[in-house]
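The structure file structure13.cif is reproduced below (mmCIF, C-alpha atoms).
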```
data_target
loop_
_atom_site.label_atom_id
_atom_site.label_comp_id
_atom_site.auth_asym_id
_atom_site.auth_seq_id
_atom_site.Cartn_x
_atom_site.Cartn_y
_atom_site.Cartn_z
CA MET F 6 20.78 -21.66 24.83
CA GLU F 7 17.37 -19.98 25.19
CA VAL F 8 16.44 -17.06 22.92
CA ARG F 9 16.17 -14.62 25.82
CA ASP F 10 19.57 -15.62 27.20
CA LEU F 11 21.29 -15.18 23.83
CA ILE F 12 19.71 -11.73 23.37
CA SER F 13 20.85 -10.73 26.87
CA GLU F 14 24.38 -11.95 26.11
CA ARG F 15 24.47 -9.93 22.86
CA GLY F 16 22.54 -6.94 24.16
CA GLU F 17 25.42 -4.47 24.02
CA ARG F 18 26.23 -5.55 20.48
CA TYR F 19 22.68 -5.05 19.24
CA LEU F 20 22.46 -1.70 21.04
CA GLY F 21 25.64 -0.80 19.18
CA TRP F 22 23.82 -1.53 15.91
CA LEU F 23 20.97 0.74 16.98
CA ILE F 24 23.30 3.56 18.04
CA GLU F 25 25.13 3.23 14.73
CA ALA F 26 21.89 3.42 12.74
CA CYS F 27 20.57 6.38 14.73
CA SER F 28 23.85 8.26 14.21
CA ILE F 29 23.16 8.45 10.47
CA PRO F 30 21.17 11.64 9.67
CA SER F 31 18.82 9.98 7.18
CA LEU F 32 16.47 12.94 7.13
CA ALA F 33 13.61 12.80 4.71
CA GLU F 34 14.56 14.49 1.42
CA GLN F 35 18.24 14.87 2.45
CA PRO F 36 20.05 12.70 -0.13
CA ASP F 37 23.43 12.21 1.56
CA GLY F 38 22.05 10.78 4.77
CA LEU F 39 19.52 8.64 2.90
CA VAL F 40 22.23 7.16 0.70
CA GLU F 41 24.37 6.36 3.75
CA MET F 42 21.48 4.73 5.60
CA ALA F 43 20.40 2.67 2.58
CA ALA F 44 23.95 1.33 2.33
CA TRP F 45 23.92 0.52 6.08
CA VAL F 46 20.73 -1.52 5.71
CA GLU F 47 22.08 -3.26 2.63
CA GLN F 48 25.32 -4.24 4.37
CA HIS F 49 23.59 -5.62 7.45
CA LEU F 50 21.25 -7.76 5.36
CA ARG F 51 24.26 -9.13 3.49
CA ASP F 52 26.11 -9.76 6.76
CA LEU F 53 23.14 -11.91 7.79
CA GLY F 54 23.62 -14.02 4.68
CA GLY F 55 20.94 -12.38 2.60
CA THR F 56 20.98 -11.11 -0.96
CA THR F 57 19.90 -7.56 -1.73
CA GLU F 58 18.67 -5.55 -4.64
CA ARG F 59 17.66 -1.94 -5.08
CA LEU F 60 14.13 -1.10 -6.14
CA SER F 61 14.56 2.20 -7.93
CA TYR F 62 11.99 4.73 -9.01
CA GLU F 63 12.58 8.08 -10.64
CA GLY F 64 13.08 10.89 -8.14
CA ALA F 65 12.81 8.65 -5.08
CA PRO F 66 15.41 7.17 -2.73
CA ASP F 67 16.08 3.52 -3.48
CA ALA F 68 14.08 0.93 -1.57
CA ILE F 69 16.16 -2.03 -0.38
CA LEU F 70 14.83 -5.56 -0.85
CA GLY F 71 16.70 -8.24 1.06
CA LYS F 72 16.01 -11.96 0.72
CA LEU F 73 16.81 -14.72 3.21
CA GLY F 74 15.64 -18.29 3.78
CA SER F 75 13.67 -20.56 1.49
CA GLY F 76 10.54 -22.67 1.48
CA GLU F 77 6.98 -22.82 0.22
CA ARG F 78 5.80 -20.03 2.50
CA SER F 79 6.97 -16.45 2.18
CA LEU F 80 6.89 -13.49 4.53
CA LEU F 81 7.37 -9.82 3.68
CA ILE F 82 8.69 -7.44 6.35
CA TYR F 83 8.26 -3.70 5.79
CA ASP F 84 10.25 -0.90 7.45
CA HIS F 85 11.66 2.48 6.45
CA TYR F 86 15.07 4.08 6.90
CA ASP F 87 14.20 7.78 6.65
CA VAL F 88 13.40 9.92 9.71
CA GLN F 89 11.47 13.08 10.53
CA PRO F 90 13.08 16.54 10.66
CA VAL F 91 14.55 17.53 14.04
CA ASP F 92 13.05 21.02 14.29
CA PRO F 93 12.64 22.75 16.67
CA ILE F 94 16.22 21.81 17.52
CA GLU F 95 16.30 24.07 20.61
CA LEU F 96 13.79 21.80 22.37
CA TRP F 97 16.10 18.78 22.25
CA SER F 98 17.95 17.92 25.46
CA THR F 99 20.51 15.91 23.47
CA LYS F 100 21.86 16.01 19.94
CA PRO F 101 19.35 14.25 17.64
CA PHE F 102 22.00 12.23 15.77
CA ASP F 103 24.32 11.63 18.71
CA PRO F 104 22.36 8.90 20.53
CA ALA F 105 22.38 9.32 24.31
CA MET F 106 21.62 6.74 27.01
CA ASN F 107 19.95 7.89 30.20
CA ASP F 108 18.29 5.81 32.92
CA GLY F 109 17.38 2.91 30.63
CA TYR F 110 16.26 5.10 27.73
CA ILE F 111 17.99 5.88 24.45
CA TYR F 112 17.37 9.30 22.90
CA ALA F 113 17.83 9.97 19.17
CA ARG F 114 15.85 10.97 16.11
CA GLY F 115 14.45 7.82 14.52
CA VAL F 116 15.09 5.52 17.48
CA ALA F 117 11.36 4.79 17.89
CA ASP F 118 10.25 5.60 14.33
CA ASN F 119 11.42 3.37 12.74
CA LYS F 120 15.06 2.43 13.27
CA GLY F 121 14.42 0.67 16.57
CA ASP F 122 12.07 -1.84 14.94
CA LEU F 123 14.29 -2.14 11.87
CA VAL F 124 17.39 -2.96 13.94
CA ALA F 125 15.46 -5.25 16.31
CA ARG F 126 14.27 -7.27 13.32
CA LEU F 127 17.76 -7.51 11.87
CA ALA F 128 19.04 -8.69 15.26
CA ALA F 129 16.17 -11.19 15.49
CA LEU F 130 17.18 -12.75 12.18
CA GLU F 131 20.64 -13.42 13.57
CA VAL F 132 19.25 -14.82 16.83
CA TYR F 133 16.75 -17.00 14.97
CA ARG F 134 19.51 -18.45 12.80
CA ASP F 135 21.77 -19.20 15.76
CA ILE F 136 18.98 -20.81 17.82
CA HIS F 137 16.71 -22.46 15.25
CA GLY F 138 18.85 -22.66 12.10
CA GLU F 139 17.97 -21.32 8.68
CA LEU F 140 14.50 -19.89 8.07
CA PRO F 141 12.07 -22.56 6.77
CA PHE F 142 10.34 -19.98 4.59
CA ALA F 143 11.36 -17.26 2.18
CA LEU F 144 11.71 -13.90 3.89
CA LYS F 145 11.64 -10.63 1.95
CA PHE F 146 12.82 -7.57 3.85
CA LEU F 147 11.57 -4.35 2.22
CA VAL F 148 12.98 -1.07 3.56
CA GLU F 149 12.02 2.19 1.86
CA GLY F 150 13.37 5.71 2.27
CA GLU F 151 10.37 7.96 1.65
CA GLU F 152 7.86 7.07 4.38
CA GLU F 153 8.22 10.28 6.36
CA THR F 154 7.22 12.33 3.31
CA GLY F 155 4.16 10.22 2.63
CA SER F 156 5.74 7.39 0.60
CA ARG F 157 4.95 9.35 -2.53
CA SER F 158 6.58 6.79 -4.82
CA PHE F 159 5.72 3.64 -2.88
CA GLU F 160 2.56 2.84 -4.80
CA ALA F 161 4.50 3.13 -8.06
CA ILE F 162 7.33 0.99 -6.65
CA VAL F 163 4.84 -1.71 -5.66
CA GLU F 164 3.25 -1.54 -9.11
CA ARG F 165 6.66 -1.85 -10.82
CA TYR F 166 8.11 -4.58 -8.58
CA GLY F 167 4.98 -6.26 -7.28
CA ASP F 168 5.92 -9.69 -8.62
CA ARG F 169 9.03 -9.64 -6.38
CA LEU F 170 7.07 -8.60 -3.30
CA GLN F 171 4.31 -11.23 -3.32
CA ALA F 172 4.10 -13.12 -0.03
CA ASP F 173 1.73 -15.10 2.18
CA GLY F 174 1.81 -12.45 4.86
CA CYS F 175 3.35 -9.09 5.73
CA ILE F 176 4.78 -7.79 8.99
CA TRP F 177 4.43 -4.01 8.95
CA GLU F 178 6.42 -1.29 10.72
CA GLY F 179 6.02 -1.92 14.45
CA ASN F 180 3.18 -0.45 16.46
CA GLN F 181 3.83 0.10 20.18
CA VAL F 182 4.00 -1.28 23.70
CA ASP F 183 1.18 0.36 25.67
CA HIS F 184 1.03 2.01 29.11
CA ALA F 185 0.79 -1.40 30.80
CA GLY F 186 3.62 -2.98 28.80
CA ARG F 187 1.35 -4.96 26.47
CA PRO F 188 2.09 -5.21 22.73
CA ASP F 189 -0.39 -3.31 20.56
CA ILE F 190 -1.24 -5.27 17.40
CA VAL F 191 -3.20 -3.71 14.53
CA PHE F 192 -4.45 -4.93 11.17
CA GLY F 193 -4.71 -1.80 9.10
CA ALA F 194 -3.98 1.92 8.94
CA LYS F 195 -5.85 5.16 8.60
CA GLY F 196 -5.35 7.08 5.40
CA LEU F 197 -4.18 10.66 4.98
CA ALA F 198 -4.82 13.71 2.86
CA TYR F 199 -2.16 16.28 3.73
CA VAL F 200 -2.71 19.68 2.14
CA GLU F 201 -1.50 23.24 2.38
CA LEU F 202 -3.96 26.12 2.15
CA ASN F 203 -2.65 29.48 0.97
CA CYS F 204 -4.30 32.88 0.85
CA ARG F 205 -2.70 36.09 -0.43
CA LEU F 206 -4.77 39.27 -0.46
CA LEU F 207 -2.23 42.14 -0.50
CA LYS F 208 0.81 43.05 -2.55
CA ASP F 209 2.95 43.46 0.59
CA ASP F 210 2.61 43.43 4.38
CA GLN F 211 1.03 46.68 5.56
CA HIS F 212 0.93 48.81 8.70
CA SER F 213 -1.91 47.37 10.79
CA SER F 214 -3.73 50.72 10.83
CA ARG F 215 -4.78 49.91 7.26
CA ALA F 216 -6.79 46.95 8.55
CA VAL F 217 -9.74 49.34 8.70
CA VAL F 218 -9.96 49.27 4.89
CA ALA F 219 -7.61 46.54 3.63
CA PRO F 220 -8.47 42.81 3.75
CA SER F 221 -6.67 40.51 6.18
CA ALA F 222 -5.32 37.22 4.85
CA ALA F 223 -5.01 36.02 8.46
CA TRP F 224 -8.69 36.55 9.24
CA ARG F 225 -9.67 35.18 5.86
CA MET F 226 -7.84 31.92 6.59
CA ILE F 227 -9.26 31.71 10.11
CA GLU F 228 -12.80 32.19 8.76
CA ALA F 229 -12.25 29.44 6.20
CA LEU F 230 -10.82 27.04 8.80
CA ARG F 231 -13.80 27.63 11.09
CA THR F 232 -16.08 26.10 8.44
CA LEU F 233 -14.18 22.78 8.44
CA ARG F 234 -14.81 21.38 11.95
CA ASP F 235 -17.14 21.88 14.91
CA PRO F 236 -15.98 22.00 18.57
CA SER F 237 -16.86 18.31 19.10
CA GLY F 238 -14.39 17.31 16.38
CA ARG F 239 -16.97 16.48 13.71
CA VAL F 240 -15.72 17.45 10.25
CA LEU F 241 -18.08 19.77 8.35
CA ILE F 242 -16.70 19.38 4.82
CA ASP F 243 -19.68 18.66 2.56
CA GLY F 244 -19.94 14.92 1.83
CA PHE F 245 -16.97 14.11 4.06
CA TYR F 246 -18.57 11.03 5.69
CA ASP F 247 -20.27 9.64 2.58
CA ASP F 248 -17.91 6.66 2.16
CA VAL F 249 -17.11 5.92 5.80
CA VAL F 250 -17.61 2.25 6.67
CA GLU F 251 -19.21 2.00 10.11
CA PRO F 252 -17.86 -0.60 12.57
CA THR F 253 -19.72 -3.91 12.60
CA ASP F 254 -21.10 -5.58 15.72
CA ASP F 255 -17.98 -7.77 15.71
CA ASP F 256 -15.79 -4.67 15.51
CA LEU F 257 -17.60 -3.06 18.43
CA ALA F 258 -17.28 -6.25 20.47
CA MET F 259 -13.52 -6.22 19.81
CA LEU F 260 -13.34 -2.58 20.90
CA ASP F 261 -15.38 -3.28 24.01
CA ALA F 262 -12.85 -5.95 25.01
CA LEU F 263 -9.87 -3.77 24.11
CA PRO F 264 -8.12 -2.42 27.24
CA PHE F 265 -7.25 1.26 27.15
CA ASP F 266 -5.98 3.30 30.09
CA GLU F 267 -7.81 6.60 29.60
CA ASP F 268 -6.39 8.09 32.81
CA ALA F 269 -2.83 7.42 31.67
CA GLU F 270 -3.56 8.90 28.25
CA ARG F 271 -5.15 12.03 29.75
CA GLU F 272 -2.13 12.43 32.01
CA ARG F 273 0.26 11.96 29.10
CA LEU F 274 -1.60 14.54 27.01
CA GLY F 275 -2.06 16.94 29.92
CA VAL F 276 -5.83 17.26 29.45
CA GLU F 277 -8.79 16.80 31.79
CA GLU F 278 -11.08 15.31 29.15
CA PHE F 279 -11.03 14.20 25.54
CA ILE F 280 -12.72 16.11 22.71
CA GLY F 281 -16.48 15.89 22.98
CA GLY F 282 -16.17 14.31 26.44
CA ALA F 283 -15.73 10.88 24.82
CA THR F 284 -15.09 7.96 27.15
CA GLY F 285 -15.49 4.18 27.29
CA LEU F 286 -16.68 2.42 24.14
CA GLU F 287 -17.53 5.74 22.46
CA PHE F 288 -13.97 6.94 23.02
CA LYS F 289 -12.53 3.77 21.44
CA ARG F 290 -14.98 3.94 18.53
CA ARG F 291 -13.91 7.49 17.78
CA TYR F 292 -10.25 6.66 18.31
CA PHE F 293 -10.18 3.93 15.67
CA TYR F 294 -13.13 4.50 13.37
CA GLU F 295 -13.52 8.25 12.96
CA PRO F 296 -11.60 10.46 10.53
CA THR F 297 -10.15 13.81 11.57
CA CYS F 298 -9.37 17.24 10.16
CA ASN F 299 -6.38 18.66 12.01
CA VAL F 300 -4.66 22.03 11.61
CA ALA F 301 -1.03 20.91 11.70
CA GLY F 302 0.39 24.41 11.26
CA PHE F 303 -0.57 28.04 10.72
CA VAL F 304 1.77 30.81 9.60
CA THR F 305 1.00 34.44 8.97
CA GLY F 306 2.39 37.88 9.75
CA PHE F 307 4.86 38.66 12.52
CA THR F 308 5.60 35.65 14.73
CA VAL F 309 8.78 36.45 16.72
CA PRO F 310 8.12 35.37 20.35
CA GLY F 311 8.52 38.02 23.04
CA SER F 312 8.47 40.93 20.60
CA SER F 313 5.79 43.13 19.01
CA LYS F 314 5.24 44.55 15.55
CA THR F 315 1.96 45.94 14.24
CA VAL F 316 1.49 44.42 10.82
CA LEU F 317 -1.35 43.51 8.48
CA PRO F 318 -0.13 40.31 6.82
CA LYS F 319 -0.26 40.03 3.06
CA GLU F 320 -0.71 36.23 3.19
CA ALA F 321 -1.56 33.29 5.41
CA MET F 322 -0.82 29.59 5.17
CA ALA F 323 -2.37 26.64 6.99
CA LYS F 324 -1.37 22.98 6.83
CA LEU F 325 -4.09 20.37 7.25
CA ASP F 326 -3.64 16.68 7.89
CA ILE F 327 -6.91 14.85 7.34
CA ARG F 328 -6.88 11.28 8.68
CA LEU F 329 -9.17 8.95 6.80
CA VAL F 330 -10.89 5.63 7.50
CA PRO F 331 -12.11 2.92 5.11
CA ASP F 332 -13.46 3.54 2.44
CA GLN F 333 -12.59 7.23 2.10
CA ASP F 334 -10.39 8.21 -0.85
CA PRO F 335 -7.83 10.98 -0.19
CA HIS F 336 -8.15 12.48 -3.67
CA ASP F 337 -11.95 12.54 -3.40
CA ILE F 338 -11.68 14.22 0.02
CA VAL F 339 -9.45 16.98 -1.38
CA ASP F 340 -11.95 17.51 -4.21
CA LYS F 341 -14.70 17.82 -1.59
CA LEU F 342 -12.57 20.29 0.40
CA ARG F 343 -12.18 22.39 -2.73
CA ALA F 344 -15.92 22.32 -3.44
CA HIS F 345 -16.69 23.11 0.21
CA LEU F 346 -14.49 26.23 0.22
CA ASP F 347 -15.77 27.39 -3.16
CA ALA F 348 -19.39 27.05 -2.08
CA ARG F 349 -18.68 29.41 0.84
CA GLY F 350 -16.91 32.01 -1.25
CA PHE F 351 -13.32 31.05 -0.42
CA THR F 352 -12.24 30.69 -4.03
CA ASP F 353 -9.18 32.83 -3.26
CA ILE F 354 -7.71 30.12 -1.03
CA THR F 355 -5.52 27.69 -2.97
CA ILE F 356 -4.91 24.03 -2.10
CA ASP F 357 -1.60 22.23 -2.63
CA LYS F 358 -1.56 18.46 -2.12
CA PHE F 359 1.24 16.60 -0.37
CA SER F 360 0.77 13.14 1.16
CA MET F 361 -2.15 11.15 -0.26
CA GLU F 362 -2.59 7.70 1.29
CA HIS F 363 -5.60 5.38 1.31
CA PRO F 364 -6.89 3.77 4.51
CA VAL F 365 -6.90 -0.03 4.62
CA ARG F 366 -7.89 -2.97 6.80
CA SER F 367 -6.58 -6.53 6.73
CA PRO F 368 -8.06 -9.79 8.14
CA ARG F 369 -7.27 -10.65 11.75
CA ASP F 370 -7.35 -14.43 11.32
CA SER F 371 -4.55 -14.71 8.75
CA LEU F 372 -1.51 -16.91 9.40
CA VAL F 373 0.72 -13.89 9.98
CA GLY F 374 -1.91 -12.28 12.21
CA ARG F 375 -2.26 -15.38 14.37
CA ALA F 376 1.53 -15.69 14.65
CA ALA F 377 1.88 -12.08 15.83
CA VAL F 378 -0.89 -12.43 18.44
CA GLN F 379 0.27 -15.80 19.80
CA ALA F 380 3.90 -14.63 19.98
CA GLY F 381 2.82 -11.51 21.86
CA ARG F 382 0.93 -13.64 24.35
CA ASP F 383 3.90 -15.98 24.87
CA VAL F 384 6.75 -13.45 25.05
CA PHE F 385 5.05 -10.65 27.00
CA GLU F 386 3.17 -13.16 29.19
CA MET F 387 -0.02 -11.12 28.99
CA GLU F 388 -2.84 -10.73 26.52
CA PRO F 389 -1.89 -8.43 23.61
CA VAL F 390 -4.01 -5.38 22.80
CA VAL F 391 -5.61 -6.22 19.45
CA ALA F 392 -7.12 -3.28 17.56
CA PRO F 393 -8.55 -2.91 14.04
CA MET F 394 -6.02 -0.41 12.70
CA MET F 395 -3.41 2.10 13.74
CA ILE F 396 -4.71 5.62 14.34
CA GLY F 397 -1.76 6.95 12.34
CA THR F 398 -0.95 6.41 8.69
CA GLY F 399 1.45 4.26 6.73
CA PRO F 400 1.64 3.19 3.07
CA MET F 401 0.02 -0.17 3.82
CA TYR F 402 -2.66 0.10 1.10
CA PRO F 403 -0.49 -0.99 -1.89
CA ILE F 404 0.62 -4.11 0.02
CA ALA F 405 -2.57 -5.11 1.85
CA HIS F 406 -5.09 -4.02 -0.80
CA THR F 407 -3.36 -3.83 -4.18
CA LEU F 408 -1.23 -6.98 -3.73
CA GLY F 409 -3.77 -8.55 -1.39
CA ILE F 410 -1.19 -9.64 1.20
CA PRO F 411 -2.60 -10.15 4.74
CA THR F 412 -0.81 -7.56 6.86
CA VAL F 413 -0.28 -7.02 10.57
CA SER F 414 1.61 -4.36 12.49
CA PRO F 415 2.82 -6.08 15.67
CA GLY F 416 3.94 -4.47 18.89
CA GLY F 417 7.08 -2.44 18.34
CA ILE F 418 9.79 -0.61 20.21
CA HIS F 419 8.01 2.66 20.87
CA HIS F 420 5.87 3.42 23.93
CA PRO F 421 3.26 6.17 24.57
CA GLY F 422 5.95 8.62 25.73
CA SER F 423 8.38 8.04 22.85
CA ASN F 424 7.81 11.53 21.39
CA ILE F 425 7.63 10.24 17.85
CA HIS F 426 7.98 13.12 15.34
CA ALA F 427 8.85 15.44 18.25
CA PRO F 428 11.97 16.60 20.11
CA ASN F 429 13.61 14.11 22.49
CA GLU F 430 12.38 11.03 20.64
CA ASN F 431 13.20 8.04 22.79
CA ALA F 432 12.81 4.30 23.38
CA ARG F 433 13.38 2.04 26.35
CA VAL F 434 16.33 -0.33 26.11
CA ASP F 435 14.29 -3.12 27.71
CA ASP F 436 11.60 -2.71 25.02
CA PHE F 437 14.22 -2.93 22.29
CA LEU F 438 15.53 -6.24 23.64
CA LYS F 439 12.00 -7.56 24.21
CA ILE F 440 11.02 -6.77 20.60
CA ILE F 441 14.01 -8.78 19.37
CA GLU F 442 12.70 -11.76 21.35
CA TYR F 443 9.12 -11.16 20.15
CA THR F 444 10.29 -11.03 16.53
CA VAL F 445 12.15 -14.34 16.85
CA GLU F 446 8.99 -15.95 18.21
CA TYR F 447 6.56 -14.73 15.54
CA LEU F 448 9.05 -15.77 12.87
CA ARG F 449 9.11 -19.25 14.42
CA LEU F 450 5.32 -19.43 14.61
CA PHE F 451 4.87 -18.19 11.04
CA GLY F 452 6.93 -21.15 9.89
CA GLU F 453 5.19 -23.71 12.11
CA LEU F 454 1.49 -22.84 12.45
CA ASP F 455 -1.07 -24.48 10.19
CA ALA F 456 -2.09 -22.22 7.32
#
```

Show me the file's structure as structure tokens.
Amino acid sequence: MEVRDLISERGERYLGWLIEACSIPSLAEQPDGLVEMAAWVEQHLRDLGGTTERLSYEGAPDAILGKLGSGERSLLIYDHYDVQPVDPIELWSTKPFDPAMNDGYIYARGVADNKGDLVARLAALEVYRDIHGELPFALKFLVEGEEETGSRSFEAIVERYGDRLQADGCIWEGNQVDHAGRPDIVFGAKGLAYVELNCRLLKDDQHSSRAVVAPSAAWRMIEALRTLRDPSGRVLIDGFYDDVVEPTDDDLAMLDALPFDEDAERERLGVEEFIGGATGLEFKRRYFYEPTCNVAGFVTGFTVPGSSKTVLPKEAMAKLDIRLVPDQDPHDIVDKLRAHLDARGFTDITIDKFSMEHPVRSPRDSLVGRAAVQAGRDVFEMEPVVAPMMIGTGPMYPIAHTLGIPTVSPGGIHHPGSNIHAPNENARVDDFLKIIEYTVEYLRLFGELDA
């Protein structure tokens, strides 16, 4: 029987696995759901004939390491079992942990990020075994439970258990299928410095009439934020670009050949033009090779919609996510942010650090990279979209840089309208089944291609 036929025959069963996984509320930092989901992953790996062990680290949910197959080559697969919060719950059309099917789509928190890829890969292992036999290489399946809070313990887990994770290649959490149905394949990830700025100027909230003489924490925060970025998107933090590695001629040639449907992306975003009017090669250069400084949230004063209250807020808080590119260091960037604010007199604004992740790139011509690209070409019957790195962030640095394992994030279950991290997260059933087939094929190629 052909791989595609077997997947079609078992489609309802594998969708049942996905619905089961997405019914578990494995919310980041919610222990009960995380424990249940870790056990689910563990059981499915064992049902596939694998052995499992828990990689524990103080204060963190256990990572699950499953092992299957044997041989001289070894492949590491990385996924995570935690999911983003569901707020604002009132914007969901369905219940986040009661997966709903509608017109070929499945709606649930975590279905696209990252349970769809996780389940598709588990299903692919079963299909591979039943079509091709046992894996001719050692496969290590690493699934952590802290990714959605910045994988705060992942670097320490890799340091503690690195000897058990060594491999000849790593398949990372899946990327996406693009507007045209092509698999997006990337070889790195942007980094992240996620911080919270806080400013408190008054003992208590005051009647707004006192704004004539009393300082405003809201305005103070706005004035500080205005110093961080210009309207074109360029970050103004002193020394921010010092360590940025510019794209090479080879990188620019790859970008020039990279297809990207700007019209579809503008329509999806609901905008007439991109920041700074970027288009063509300049748009793609900015998309992949420029860092950002984004205001992810701002809270101050009275914020009840549809109601009024005249108040002078005692405090203001802003959340910044600063995406980084090689070779920026998140801790150095936060130090520069602190120095930047201090130099402009904003010493009263405090900075609390949250996620700190390094950017990283991996070689495109590795065995695992070639397997992912060739499999994408064969299964999707079109040329994959090959890009230098994902524009988002994942804890790839400890694997690709610290352990030195060539890493690729192949096309995954989510599509541009999957609403990852947002209400009504969704994935297409056809994409889920296609990713199972794609996974089987790159596993086969990893075992058969010349090193």

Expand the PyMOL selection byres ((chain F and resi 402-414) around 9) into the explicit residue set it covers here, and present it as a PyMOL selection string. chain F and resi 81+159-161+163-164+167+170-180+189-194+196+362-369+371-374+377+394-395+399-401+415-417

Preceding selection exported with C-alpha atoms as a CSV table (one decimal), keeping the file's coordinate frame:
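This is the output file selection09.csv:
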```csv
chain,number,residue,atom,x,y,z
F,81,LEU,CA,7.4,-9.8,3.7
F,159,PHE,CA,5.7,3.6,-2.9
F,160,GLU,CA,2.6,2.8,-4.8
F,161,ALA,CA,4.5,3.1,-8.1
F,163,VAL,CA,4.8,-1.7,-5.7
F,164,GLU,CA,3.2,-1.5,-9.1
F,167,GLY,CA,5.0,-6.3,-7.3
F,170,LEU,CA,7.1,-8.6,-3.3
F,171,GLN,CA,4.3,-11.2,-3.3
F,172,ALA,CA,4.1,-13.1,0.0
F,173,ASP,CA,1.7,-15.1,2.2
F,174,GLY,CA,1.8,-12.4,4.9
F,175,CYS,CA,3.4,-9.1,5.7
F,176,ILE,CA,4.8,-7.8,9.0
F,177,TRP,CA,4.4,-4.0,9.0
F,178,GLU,CA,6.4,-1.3,10.7
F,179,GLY,CA,6.0,-1.9,14.4
F,180,ASN,CA,3.2,-0.4,16.5
F,189,ASP,CA,-0.4,-3.3,20.6
F,190,ILE,CA,-1.2,-5.3,17.4
F,191,VAL,CA,-3.2,-3.7,14.5
F,192,PHE,CA,-4.4,-4.9,11.2
F,193,GLY,CA,-4.7,-1.8,9.1
F,194,ALA,CA,-4.0,1.9,8.9
F,196,GLY,CA,-5.4,7.1,5.4
F,362,GLU,CA,-2.6,7.7,1.3
F,363,HIS,CA,-5.6,5.4,1.3
F,364,PRO,CA,-6.9,3.8,4.5
F,365,VAL,CA,-6.9,0.0,4.6
F,366,ARG,CA,-7.9,-3.0,6.8
F,367,SER,CA,-6.6,-6.5,6.7
F,368,PRO,CA,-8.1,-9.8,8.1
F,369,ARG,CA,-7.3,-10.6,11.8
F,371,SER,CA,-4.6,-14.7,8.8
F,372,LEU,CA,-1.5,-16.9,9.4
F,373,VAL,CA,0.7,-13.9,10.0
F,374,GLY,CA,-1.9,-12.3,12.2
F,377,ALA,CA,1.9,-12.1,15.8
F,394,MET,CA,-6.0,-0.4,12.7
F,395,MET,CA,-3.4,2.1,13.7
F,399,GLY,CA,1.4,4.3,6.7
F,400,PRO,CA,1.6,3.2,3.1
F,401,MET,CA,0.0,-0.2,3.8
F,415,PRO,CA,2.8,-6.1,15.7
F,416,GLY,CA,3.9,-4.5,18.9
F,417,GLY,CA,7.1,-2.4,18.3
```

Of the candidates F:Ala129, F:Ala229, F:Ala105, F:Leu123, which shows the shortest atom-to-atom distance to His419 (chain F), using only C-alpha atoms? F:Leu123

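Between Leu197 (chain F) and the candidates F:Asp87, F:Asp92, F:Asp334, F:Asp353, the tightest atom-to-atom separation, counting only C-alpha atoms, involves F:Asp334.
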
A straight line from CA of Met361 (chain F) to CA of Ile94 (chain F) spans 27.7 Å

Extract, using only C-alpha atoms, all DNA, RNA and protein residues at most 10 Å from Leu96 (chain F), discarding same-chain residues fewer than 4 positions from it, and format them as a ChimeraX atom specification. /F:91-92,427-429

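From CA of Asn431 (chain F) back to CA of Pro389 (chain F), the distance works out to 22.4 Å.
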
To verify the selection step, state as a PyMOL selection string which residues the PyMOL selection byres ((chain F and resi 240) around 12) yields on this input. chain F and resi 230-239+241-247+295-299+327-329+338+341-342+345

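If you count all atoms listed in the file and ignore residues fewer than 4 places along the chain from region 440-446 of chain F, what sits within 6 Å of it is F:Ala125, F:Ala129, F:Tyr133, F:Ala380, F:Val384.
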
How would you write, as a ChimeraX atom specification, the residues chosen by the PyMOL selection byres ((chain F and resi 35) around 12) on this structure? /F:29-34,36-42,65-66,87-90,150-151,153-154

List the spatial neighbours of Gly76 (chain F) as a PyMOL selection string - criterion: any atom at most 10 Å away, all atoms listed in the file, same-chain residues fewer than 6 positions off excluded. chain F and resi 140-144+452

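Distances to Glu131 (chain F) were evaluated for F:Lys358, F:His420, F:His49, F:Arg291 using all atoms listed in the file, and the minimum falls at F:His49.
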
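Take CA of Asp84 (chain F) and CA of Ile69 (chain F): the distance between them is 9.9 Å.
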
Using only C-alpha atoms, which residue out of F:Ala269, F:Val124, F:Leu317, F:Ile12 lies closest to Pro220 (chain F)? F:Leu317

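Of the listed residues F:Gln181, F:Thr305, F:Asn424, F:Thr284, the one whose atoms come nearest to Gly381 (chain F) is F:Gln181, with distances taken using all atoms listed in the file.
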
Measuring between only C-alpha atoms, which one of F:Leu202, F:Leu346, F:Leu274, F:Leu20 shows the shortest distance to Gly109 (chain F)? F:Leu20

Skipping near chain neighbours, those fewer than 3 positions away, what residues fall within 7 Å of region 263-266 of chain F using only C-alpha atoms, listed as a ChimeraX atom specification? /F:259-260,269-270,390-391

Excluding Arg205 (chain F) and residues on its chain fewer than 4 positions from it, collect all residues at most 10 Å away from it, counting all atoms listed in the file, and give them as JSON, numbers by chain. {"F": [209, 220, 221, 222, 223, 225, 226, 318, 319, 320, 321, 322, 353, 354, 355]}

At most 9 Å from (18.5, -1.8, 28.9), file frame, only C-alpha atoms: which residues, as a list in words? Gly16, Glu17, Leu20, Asp108, Gly109, Tyr110, Ile111, Arg433, Val434, Asp435, Asp436, Phe437 and Leu438 of chain F
